[in-house]
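Presented below is the structure to which this report refers.
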Amino acid sequence: MTKKNFLTLMILLVVACALPFLVSNYRTFQFTLVLVYAIALLGLNVLTGYNGQISLGHGAFYAIGAYTAAILMDKLGAPYWATLPAAGAVCLVAGFLFGLPALRLEGLYLALATFALGVSMPQLLKYHHLEAWTGGVQGIVIAKPEPPAFLRDAGLVLNADQWLYFFALAVTILMFALGWNLMRGRVGRALIAIRDQHIAAQAMGINNALYKSLAFGVSAMYTGIAGALGAIAVQYVAPDSFNIFLSLVFLVGIVVGGLASISGALYGALFIQFVPNIADDISKAAPWAIFGVIMIAFVYLMPTGVAGAVRLLLARKKSP
Amino acid sequence: MFQVLAGLATGGIYASLALALVMIYQATHLVNFAQGEMAMFSTYIAWSLINAGMGFWPAFLLTVGIAFILGIFIERIVIRPVENAPVLVVVVVFIGLLVILNSVAGWIYTYTIKSFPSPFPAEPLFGIRYMSAHQLGAIGVTLVVLAVLYVFFRFTPVGLAMRAAAQNPVSSRLVGIRVGWMLALGWGLAAAVGAVAGMMIAPIVYLDPNMMSGILLYAFAAALLGGIDSPVGAVVGGFVVGVLENVLGAFVIGNELKLSVALVLIIGMLLVKPSGFFGKVHVTRV
Amino acid sequence: MALLEVGALSAFYGATPVLHGIGFTLQEGSITALLGANGAGKTTTLRALCAMVKTAGQIRFAGERIERRATEDIVRLGIAHVPDGRGTFANLTTEENLRLGAYTRRGRDAVQGDLERVYGYFPRLKERRSQQAGTLSGGEQQMLAVSRALMLRPRLMLLDEPSFGLAPLLVRELFGILQTVNRRDGVSMLLVEQNAAMALDLADHAYLLETGRVVLSGPAHDIRRDDAVRRSYLGY
């Protein structure tokens, strides 16, 4: 990575670390959610942006991750940090399994199948035979994690919101680093090759089936971890918060943020977290109308999203 | 027995919506994700008209007309620019349309559930006790719509031109058919059919901006079952899905998982028999 | 009168020019042949006349400039194009295909009359009137394509390789009917053919295209006797 990029990242990191001490607890909570969404969007981007498989049902994986965390914490008393790898593992498997039959579906048909998944998820979560675990319509309430003892002993006093933020930040950095590494190496190139010219890719020896299913699995894993983290942050899971609109929110996020872009996940997350708050002042229905219009405007006018626009601006600045 | 008959009633509605989906797919090879919201929006328009004092059937006809124009408008303005765009762009535009229609409806009409009147009497018709008058009426209306469409496509020059434009736009231009307008007409008809479906289901499920998303799923399942490019298949598929949904819901998996039935059907059909049971096998001599 | 006048016509597939400023005229009532080897640009010329490819230059039909018009409008001026590959509506019946040919016309009786006339020319089509057009044989689909064009009651017919894939007997039958239609109904024709011999027998005038340029033109029987043409295109 270039020196300039490294410098930018360091600055970003410093800002990110300073944030919780500069703003209110509620704002910190909002930024925690931005981090959560960023991880989820990175997941969706791996699948849709880099690999060209359209998913309108990623909310389902988010839900699975969230419920995994909630059930582990509530029913089995697991510590909150352990739920993340568990959620990741469950979703990796679930995603890979869904990806296997999805292999045969292209474009609109895959969108249709994932759309069906997204629409039917709330009903599945409310299913009364599973109520003992899922809490049915009422969902599950989770306890808020406290900052660990060692920090207090070290003299650092953080409140719960701030601790949660830093925890999320650590996870985000880890996931982004992992993602960046993956996408920039052989795996990323293979995924892009499959997206752009899948016949040629296969002819070059890329195992399309394996990579496409893996893409689904990894993508679901990311979104699942985001779901678990989100559940911990919000301290509550309930079926109706994981309806089709959640999946569509993710779609808006990657379109606006920028497809096939790591930084795009961050821009998109900022967008989907803060725009509805602004729009809510207009009307309860307004956020989605605005999302819809902006989404369509972006695909027409700025198909590479905010990330693409930023890249363009930086490139223009370099060459006079 | 109840379940089968009730299934036929809702099946008719699924059949109508599935037919709308197939009509658009045949003409454009695109899956209209926003079909349900278009139907929902039209139903709200009908509600407004009825609330303003109009009788049911006049409001019904006027709404069908408005939906027709809305469909043409959407095709010309929103869909035309992306007809040949990459898949992701098309999906985004359809989803954008879906959420805009959904939220505008919510904004204008709020999210409180409203009741929608049925034009059919409350007492059972003809002494038939297995089905309500509305269910019978819904089947009747569906059949009338299907008959009208069949006659239109089979026996009128415009219907023929639309079929031609859907199958072979290049040759259609060579005989003077304005293919662009045929597409718009197709959208208009699909929107009108969707409006009918919406107005028939609203008395049962009550009117609210989110009423169609589950029904859309059933319509997708029906269209895939019958063959996404076969109108006859869509209709048959609709009735089959309606009956399956009710029967399975009542006896096998309980009412709560009915949508999952649709999900399984959709994924199953896409994997096993993507051309559906009635999908046309195109015969061409080389 | 010159029914069709083409001047400095260039045609492009994407950015690549395929026709380089060609020019020719077609007299009303005549049959003009456009000859050349594969890739010479013959099909492209017909497509250019119907606005199916990007063009530059002038095309005048009955005195009017038509190069900026859409295909559907050009058809309404009375130009019927029998395309390369026949362009059959495979999933519609034979009769539906024919009726589509008359889509832009008013007057149901006249259309019905023309339908009967076309069945008179090609009885095999009448036999198969309710059959799905895609199941017809190659020769029958060619007859169908020509008949569909006739249903327009065109002033000008553009025919792209009508003999392609047909047995010689069928080609003779088809060309005989084309001659009848031309003589009796005054339909002008622009005939693109690789089969130079048969085309020159039918046509009044001919143009020879090579890699997007007109290299030879004149009355058909003169072209037929031209030495260079004989060697390259007539095979003797």
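Scheme for the structure tokens: letters A, B, ... for chains in order shown; per-chain residue numbers from 1; ligand numbers from 1 in order shown.
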Please identify all polymer residues within 6 Å of Ala9 of chain B, counting only C-alpha atoms, omitting same-chain residues fewer than 2 positions from it, and present them as an NGL selection string.
:B and (6-7 or 11-12 or 135 or 139)
Show which residues sit within 6 Å of Thr114 of chain A, as an NGL selection string. Count only C-alpha atoms, and ignore same-chain residues fewer than 6 positions away.
:A and (55-57)
Considering only C-alpha atoms, extract the chain A residues located within 6 Å of chain B and return them as an mmCIF file with N, CA and C atoms, in the first residue's frame.
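For reference, part.cif as written:
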```
data_model
loop_
_atom_site.group_PDB
_atom_site.id
_atom_site.type_symbol
_atom_site.label_atom_id
_atom_site.label_comp_id
_atom_site.auth_asym_id
_atom_site.auth_seq_id
_atom_site.Cartn_x
_atom_site.Cartn_y
_atom_site.Cartn_z
ATOM 1 N N GLY A 107 -28.369 -13.818 -12.820
ATOM 2 C CA GLY A 107 -29.014 -12.528 -12.868
ATOM 3 C C GLY A 107 -30.360 -12.421 -12.193
ATOM 4 N N ALA A 113 -34.799 -15.503 -6.459
ATOM 5 C CA ALA A 113 -34.699 -16.505 -5.396
ATOM 6 C C ALA A 113 -34.305 -15.852 -4.077
ATOM 7 N N ALA A 116 -37.150 -13.954 -2.594
ATOM 8 C CA ALA A 116 -38.075 -14.846 -1.890
ATOM 9 C C ALA A 116 -37.548 -15.172 -0.492
ATOM 10 N N SER A 120 -39.567 -14.180 2.983
ATOM 11 C CA SER A 120 -40.125 -15.217 3.856
ATOM 12 C C SER A 120 -39.423 -15.346 5.199
ATOM 13 N N ALA A 285 -42.672 7.824 5.914
ATOM 14 C CA ALA A 285 -42.496 7.077 4.660
ATOM 15 C C ALA A 285 -41.355 7.619 3.835
ATOM 16 N N TRP A 288 -37.726 5.814 2.499
ATOM 17 C CA TRP A 288 -37.697 4.871 1.394
ATOM 18 C C TRP A 288 -37.939 5.524 0.059
ATOM 19 N N ALA A 289 -38.791 6.540 0.037
ATOM 20 C CA ALA A 289 -38.986 7.237 -1.226
ATOM 21 C C ALA A 289 -37.664 7.864 -1.646
ATOM 22 N N GLY A 292 -35.244 5.205 -2.773
ATOM 23 C CA GLY A 292 -35.585 4.729 -4.106
ATOM 24 C C GLY A 292 -35.089 5.684 -5.172
ATOM 25 N N ILE A 296 -31.948 4.944 -7.846
ATOM 26 C CA ILE A 296 -32.101 5.003 -9.296
ATOM 27 C C ILE A 296 -31.180 6.081 -9.861
#
```
Which residues come within 8 Å of Ser217 of chain C, counting only C-alpha atoms, excluding same-chain residues fewer than 3 positions away, as JSON, numbers by chain?
{"C": [205, 206, 207, 208, 214, 223]}
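Counting only C-alpha atoms and comparing A:Leu251, A:Gln162, A:Tyr236, A:Gln138, the residue that lies closest to Leu22 of chain A is A:Gln162.
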Long-range neighbours of segment 180-183 of chain A as a ChimeraX atom specification, 10 Å cut-off, only C-alpha atoms, 6 positions minimum in chain
/A:42,46,50,174,189-192,260-263
Interface list for chain B, partner chain C, 12 Å threshold, only C-alpha atoms, as a PyMOL selection string
chain B and resi 153-181+280-286
Please, could you write that set of residues out with N, CA and C atoms as a CSV table (one decimal), in the first residue's frame?
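The resulting file, selection_33.csv, is reproduced below:
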```
chain,number,residue,atom,x,y,z
B,153,PHE,N,-55.6,-11.1,-27.3
B,153,PHE,CA,-54.3,-11.5,-27.9
B,153,PHE,C,-54.5,-12.4,-29.1
B,154,ARG,N,-55.6,-13.2,-29.1
B,154,ARG,CA,-55.7,-14.2,-30.2
B,154,ARG,C,-56.4,-13.6,-31.4
B,155,PHE,N,-57.3,-12.7,-31.2
B,155,PHE,CA,-58.2,-12.3,-32.3
B,155,PHE,C,-58.1,-10.8,-32.8
B,156,THR,N,-57.4,-10.0,-32.1
B,156,THR,CA,-57.3,-8.6,-32.6
B,156,THR,C,-55.9,-8.4,-33.2
B,157,PRO,N,-55.9,-7.4,-34.2
B,157,PRO,CA,-54.6,-7.1,-34.8
B,157,PRO,C,-53.6,-6.6,-33.8
B,158,VAL,N,-54.0,-5.7,-32.9
B,158,VAL,CA,-53.1,-5.2,-31.9
B,158,VAL,C,-52.5,-6.3,-31.0
B,159,GLY,N,-53.4,-7.2,-30.6
B,159,GLY,CA,-52.9,-8.3,-29.8
B,159,GLY,C,-51.9,-9.1,-30.5
B,160,LEU,N,-52.1,-9.4,-31.8
B,160,LEU,CA,-51.2,-10.1,-32.6
B,160,LEU,C,-49.9,-9.4,-32.7
B,161,ALA,N,-50.0,-8.0,-32.9
B,161,ALA,CA,-48.8,-7.2,-33.0
B,161,ALA,C,-48.0,-7.3,-31.7
B,162,MET,N,-48.7,-7.3,-30.6
B,162,MET,CA,-48.0,-7.3,-29.3
B,162,MET,C,-47.2,-8.7,-29.2
B,163,ARG,N,-47.9,-9.7,-29.5
B,163,ARG,CA,-47.2,-11.1,-29.5
B,163,ARG,C,-46.0,-11.1,-30.4
B,164,ALA,N,-46.2,-10.5,-31.6
B,164,ALA,CA,-45.1,-10.5,-32.5
B,164,ALA,C,-43.9,-9.7,-31.9
B,165,ALA,N,-44.2,-8.5,-31.4
B,165,ALA,CA,-43.2,-7.6,-30.9
B,165,ALA,C,-42.4,-8.3,-29.7
B,166,ALA,N,-43.1,-9.0,-28.9
B,166,ALA,CA,-42.5,-9.7,-27.8
B,166,ALA,C,-41.5,-10.8,-28.3
B,167,GLN,N,-41.9,-11.5,-29.3
B,167,GLN,CA,-41.1,-12.6,-29.8
B,167,GLN,C,-40.0,-12.2,-30.7
B,168,ASN,N,-40.2,-11.2,-31.5
B,168,ASN,CA,-39.2,-10.9,-32.5
B,168,ASN,C,-39.3,-9.5,-32.9
B,169,PRO,N,-38.7,-8.6,-32.1
B,169,PRO,CA,-38.8,-7.2,-32.3
B,169,PRO,C,-38.2,-6.8,-33.6
B,170,VAL,N,-37.2,-7.4,-34.1
B,170,VAL,CA,-36.5,-7.0,-35.4
B,170,VAL,C,-37.5,-7.2,-36.5
B,171,SER,N,-38.1,-8.4,-36.6
B,171,SER,CA,-39.0,-8.7,-37.7
B,171,SER,C,-40.3,-7.8,-37.5
B,172,SER,N,-40.6,-7.5,-36.3
B,172,SER,CA,-41.8,-6.7,-36.1
B,172,SER,C,-41.6,-5.3,-36.7
B,173,ARG,N,-40.4,-4.8,-36.5
B,173,ARG,CA,-40.2,-3.4,-37.1
B,173,ARG,C,-40.4,-3.5,-38.6
B,174,LEU,N,-39.9,-4.6,-39.2
B,174,LEU,CA,-40.0,-4.8,-40.6
B,174,LEU,C,-41.4,-4.9,-41.2
B,175,VAL,N,-42.4,-5.1,-40.3
B,175,VAL,CA,-43.7,-5.1,-40.8
B,175,VAL,C,-44.4,-3.8,-40.3
B,176,GLY,N,-43.7,-2.9,-39.7
B,176,GLY,CA,-44.2,-1.6,-39.4
B,176,GLY,C,-44.7,-1.5,-37.9
B,177,ILE,N,-44.5,-2.5,-37.1
B,177,ILE,CA,-45.0,-2.4,-35.7
B,177,ILE,C,-44.1,-1.5,-34.9
B,178,ARG,N,-44.7,-0.6,-34.2
B,178,ARG,CA,-43.9,0.3,-33.3
B,178,ARG,C,-43.7,-0.5,-32.0
B,179,VAL,N,-42.5,-1.1,-32.0
B,179,VAL,CA,-42.2,-2.1,-30.9
B,179,VAL,C,-42.2,-1.4,-29.6
B,180,GLY,N,-41.6,-0.2,-29.5
B,180,GLY,CA,-41.6,0.6,-28.3
B,180,GLY,C,-43.0,0.7,-27.7
B,181,TRP,N,-43.9,1.1,-28.5
B,181,TRP,CA,-45.3,1.3,-28.0
B,181,TRP,C,-46.0,0.0,-27.6
B,280,LYS,N,-42.9,-22.9,-23.2
B,280,LYS,CA,-42.9,-23.3,-24.6
B,280,LYS,C,-41.5,-23.9,-24.9
B,281,VAL,N,-41.5,-24.9,-25.7
B,281,VAL,CA,-40.3,-25.4,-26.3
B,281,VAL,C,-40.3,-24.8,-27.7
B,282,HIS,N,-39.4,-23.9,-27.9
B,282,HIS,CA,-39.4,-23.2,-29.2
B,282,HIS,C,-38.9,-24.0,-30.3
B,283,VAL,N,-39.7,-24.2,-31.4
B,283,VAL,CA,-39.3,-25.0,-32.5
B,283,VAL,C,-38.8,-24.1,-33.6
B,284,THR,N,-37.6,-24.3,-34.0
B,284,THR,CA,-37.2,-23.6,-35.2
B,284,THR,C,-36.4,-24.5,-36.1
B,285,ARG,N,-36.7,-24.4,-37.4
B,285,ARG,CA,-35.9,-25.2,-38.3
B,285,ARG,C,-34.7,-24.4,-38.7
B,286,VAL,N,-33.6,-25.1,-38.8
B,286,VAL,CA,-32.4,-24.4,-39.1
B,286,VAL,C,-32.3,-24.3,-40.7
```
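Of note, atom CA of Val187 of chain A and atom CA of Ala200 of chain A are spaced 16.0 Å apart.
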Considering only strand (DSSP E) as DSSP defines it on the backbone, what residues of segment 12-218 of chain C qualify? List them as a ChimeraX atom specification.
/C:12-13,16-27,31-35,54-61,64-65,79-82,156-160,188-193,205-210,213-218
